[in-house]
Amino acid sequence: MPTSSLGPAAEAFRGDQLARAAASRSSDAERYAQVLEADGLLSRERARRREVFAVAPVAEKLGRLQDELAYWITVSPVQRIVDFRDPRFRVEVSGYSRLDATEELTWSVWLWLDGENTVHDAKIVSHAGVSKGKIALMLAPDNRPILALNLAGGQVARVVWRRKLPAGSWIHLALVYRCDRGPALFVDGERLTETVYDDEVAPGDCVASVPQQTLYLGGLDRVLPGALDEVRVYRRALDEREVAELAAGRAVARDLVGHWSFDEPAGATSAENGVAGGTNGVVGTGVVTGEPGAPAVPGRAFRFSRSADQWNRRLSELQAAIAAREREALAAEQPVAQDAFDLGDVADRLLAAEAVLLHLVEDAAQDRLVAYVVDPERAGLVRRVELGSLRDTVDLVDALIEQLGGAAAAADGSEIVFREIARRLSSRIWRPVANRIPSERETWLRLDGQLARVPFAALIDRDGRYLAQSRTLARVGPVRELARPRVADPSAAVVLVGNAEFGAYAPAAGPSTRGARECVVSSWQLAGTSRELEGLEELFRRETERPVHVFESRRAFEANVLESASGAGVLHVATHGYQIADSCVKGATDDPLVLGGVVLAGAGRTRPESLRRVDDGFLSGAELSRIDLRRAELVAFSGCSTARGRVVPGDGAQSLALAAWIAGAGASLVTLWEVDDETMSEDMIAFYTAWLEGHSLASALRAATSGAFRRTKEERDHTHPYYWAAPTIEGL
């Protein structure tokens with residue numbers, strides 16, 4: 001070992017310097033631990049939200065209220081999706097293998113309608129769920145019958161007949177399907193021929209096999225406003241004579257594989273929403289009640305609806321009671337279970353991802369901004385860097401955001417103005433830490449408060465390039481969550497939503513508590529999202545074995561999204577985003593997530609206030625946060641400004657990304673400002689292509705951003721970030 005050339009005094013001085021540096025780094029780590037205590041509040045809040053129903057002593061009370069609320073929801077004539085449906089109030093046929101007809105089938109039902117349907121496509125008889133192979137005989141809001149077929153080749157066919165079904169009397173419906181002839185619907189023995197809407201079904205297009213699915217009678221999520229009786233399922237296509245016999249009350253026994261008469265012993269089924277067969281709502285396959293040759297006329301029926309006014313009144317009471325119990329649970333002193341936190345676990349996650357964490361922390365009381373750089377490959381792990389005045393930095397943020405409006409970006413010389421402001425902001429919040437973050441590694445950003453609005457991809461590096469050209473960037477949620485890496489589920493479904501049919505908007509009626517209908521004006525169709533969904537569906541089907549479910553046009557409504565999103569592995573929503581200004585809301589709200597969301601099918605249709613409260617076509621962040629997204633690797637909102645939200649000090653924007661994170665999602669893709677649906681579709685396909693090739697989410701977005709950057713330069717002869725830097729990854 002070579003000897004030191006330093007003298008004893010110099011050696012002592014050098015040792016003292018090293019000790020001071022080590023102490024400084026230790027102090028940095030201690031200060032950062034204090035920062036993470038505050039940063040962990042949001043993490044604990046998510047844990048509380050997810051465990052609230054298990055907190056003593058209110059769990060039992062909540063359970064009873066939920067059961068009752070689920071009852072009112074599942075038997076109501078109003079569309080609603082909830083996670084806690086009570087099985088006592090289902091009418092379902094499980095173990096579907098004997099009923100799994102693909103080439104031909106017949107459904108025969110007696111139907112009573114209480115009045116005009118107020119539900120979006122109420123179900124009469126249907127396969128459960130959203131997977132391919134579903135057949136659903138439904139009722140449109142104007143009482144026209146609808147048939148939806150998901151065929152073996154992946155095509156979705158939809159038929160809407162012109163005739164409206166009458167209310168106040170029993171009618172007989174028979175659906176006859178042969179894949180070489182298509183569907184036929186009979187009402188009281190007469191075949192309906194005129195359709196309002198009819199997808200072409202080619203001869204030989206057969207229904208996909210779904211042997212493990214469930215058959216629902218009367219629906220579960222969009223419940224029929226009336227009653228059913230004498231439901232019969234055949235494994236063949238009945239001819240017109242046999243259909244006429246059923247309509248006349250005579251039985252047809254051959255090839256009958258399911259018959260539900262609801263004529264069980266007293267108490268098992270009643271006209272007031274009883275339980276079919278006394279089996280907790282679940283009935284087996286085969287001829288389970290009645291005899292094959294029994295009369296095919298209605299008797300004791302299974303009723304699904306109640307008065308809408310009565311339902312809404314009771315629903316409001318129950319929701320208020322549950323909200324009160326939730327507040328009681330959240331205020332309880334019982335500790336919420338959490339994994340022990342260790343910054344070393346965060347370091348391990350960063351090492352595995354080849355990333356460095358940059359955490360910008362606001363200190364408004366002291367008017368200063370502080371950066372913490374967490375790098376597991378450098379001694380000391382945490383380094384603290386003072387970044388100067390917070391107030392001056394926020395002024396520059398405001399100026400930069402002003403330059404990212406469409407009109408500002410279109411002005412002559414706008415990129416020159418933008419780059420000058422971006423250069424000044426970069427000199428405050430990026431350049432002082434840039435030399436501590438190697439360019440070959442990903443930069444993970446945790447941004448407090450107003451800094452959450454900054455598009456880091458559009459900042460300027462020392463070489464005068466945008467950071468998107470030299471860095472791979474992503475945003476993270478609370479740092480504590482990095483200590484709990486997720487494991488992807490490759491079997492979880494992909495759900496694609498877009499090209500929603502909003503409907504014609506009614507005149508504004510002034511601000512309301514809900515706010516969205518009156519304050520959101522983005523009602524035009526987004527043609528580019530249709531191509532986006534088509535390209536993504538083709539990509540996922542080609543590159544993965546995941547089930548892929550697509551909801552667009554009239555099917556892209558709130559209930560479908562909520563139903564299908566729960567348990568999905570990837571949720572992609574391509575539609576308008578909205579953020580309601582405080583000035584447009586009457587009354588205060590204690591949950592900023594109710595103010596932002598996305599616009600879905602039916603948002604522009606006029607409907608009673610009682611229905612709008614339940615499903616108004618506006619999916620808010622608050623609603624999203626209450627579903628189960630724990631299997632979701634990614635939730636993407638590719639509409640305009642979906643990263644916006646009320647900024648809360650310490651937590652950043654209360655946006656859709658935060659809502660998805662609270663619901664359990666791994667990461668979100670959102671946009672920082674308005675985007676063009678045509679170019680966004682190209683960017684999204686490029687992003688998912690790179691991701692499915694094995695890139696991380698951050699590097700996949702960088703690849704897509706690079707393509708958008710080149711396209712902007714070719715088409716516009718400039719590279720203003722407005723046209724390429726809006727998408728961002730959040731919540732890793």
# chains A, B, ... in the order shown; residues from 1 in each chain; ligands from 1
>>> residues_around(residues="Arg531 of chain A", least_positions_apart="4", cutoff="8 Å", atoms="only C-alpha atoms", output="list of chain:residue names")
A:Ala527, A:Gly535, A:Ser681
>>> select_by_dssp(residues="segment 321-543 of chain A", states="helix (DSSP H, G or I)", output="ChimeraX atom specification")
/A:321-331,343-353,390-402,406-410,414-429,431-434,449-453,456-458,467-470,479-483,516-519,527-543
>>> residues_around(residues="Asp412 of chain A", least_positions_apart="5", cutoff="12 Å", atoms="only C-alpha atoms", output="number ranges by chain")
A: 407, 417-418, 716-718, 720
>>> residues_around(residues="Glu545 of chain A", least_positions_apart="4", cutoff="8 Å", atoms="only C-alpha atoms", output="list in words")
Ser491, Phe540 and Arg541 of chain A
>>> write_last_selection(atoms="C-alpha atoms", output="PDB file, in the first residue's frame")
ATOM      1  CA  SER A 491     -53.567 -12.283 -16.592  1.00  0.00           C
ATOM      2  CA  PHE A 540     -52.674  -5.811 -26.896  1.00  0.00           C
ATOM      3  CA  ARG A 541     -54.303  -8.738 -28.678  1.00  0.00           C
TER       4      ARG A 541
END
>>> residues_around(residues="Val356 of chain A", least_positions_apart="2", cutoff="12 Å", atoms="only C-alpha atoms", output="PyMOL selection string")
chain A and resi 346-354+358-359+372-378+381-383+433-446+471-476
>>> residues_around(residues="segment 689-704 of chain A", least_positions_apart="4", cutoff="10 Å", atoms="only C-alpha atoms", output="NGL selection string")
:A and (353 or 442-444 or 457 or 468-475 or 536 or 539-540 or 543-544 or 633-634 or 667-669 or 680 or 682-685 or 708-709 or 724-725 or 727-730 or 732)
>>> select_by_dssp(residues="segment 595-723 of chain A", states="strand (DSSP E)", output="list in words")
Gly596, Gly597, Val598, Val599, Phe618, Leu619, Ser620, Leu634, Val635, Ala636, Phe637, Arg646, Val647, Val648, Gly652, Ala653, Gln654, Ala667, Ser668, Leu669, Val670 and Thr671 of chain A
>>> closest_residue(among="A:Ser209, A:Ser108, A:Ser426, A:Gln319", to="Phe186 of chain A", atoms="only C-alpha atoms")
A:Ser108
>>> residues_around(residues="Val231 of chain A", least_positions_apart="2", cutoff="7 Å", atoms="only C-alpha atoms", output="list of chain:residue names")
A:Ser108, A:Val109, A:Trp110, A:Asp229, A:Val233, A:His259, A:Trp260, A:Ser261
>>> write_last_selection(atoms="C-alpha atoms", output="mmCIF file, in the first residue's frame")
data_model
loop_
_atom_site.group_PDB
_atom_site.id
_atom_site.type_symbol
_atom_site.label_atom_id
_atom_site.label_comp_id
_atom_site.auth_asym_id
_atom_site.auth_seq_id
_atom_site.Cartn_x
_atom_site.Cartn_y
_atom_site.Cartn_z
ATOM 1 C CA SER A 108 -88.101 -17.291 -23.716
ATOM 2 C CA VAL A 109 -89.315 -14.891 -21.005
ATOM 3 C CA TRP A 110 -92.528 -13.331 -19.787
ATOM 4 C CA ASP A 229 -91.508 -15.008 -15.040
ATOM 5 C CA VAL A 233 -83.416 -21.433 -22.177
ATOM 6 C CA HIS A 259 -86.453 -23.256 -16.710
ATOM 7 C CA TRP A 260 -87.160 -20.844 -13.860
ATOM 8 C CA SER A 261 -90.822 -20.444 -12.925
#
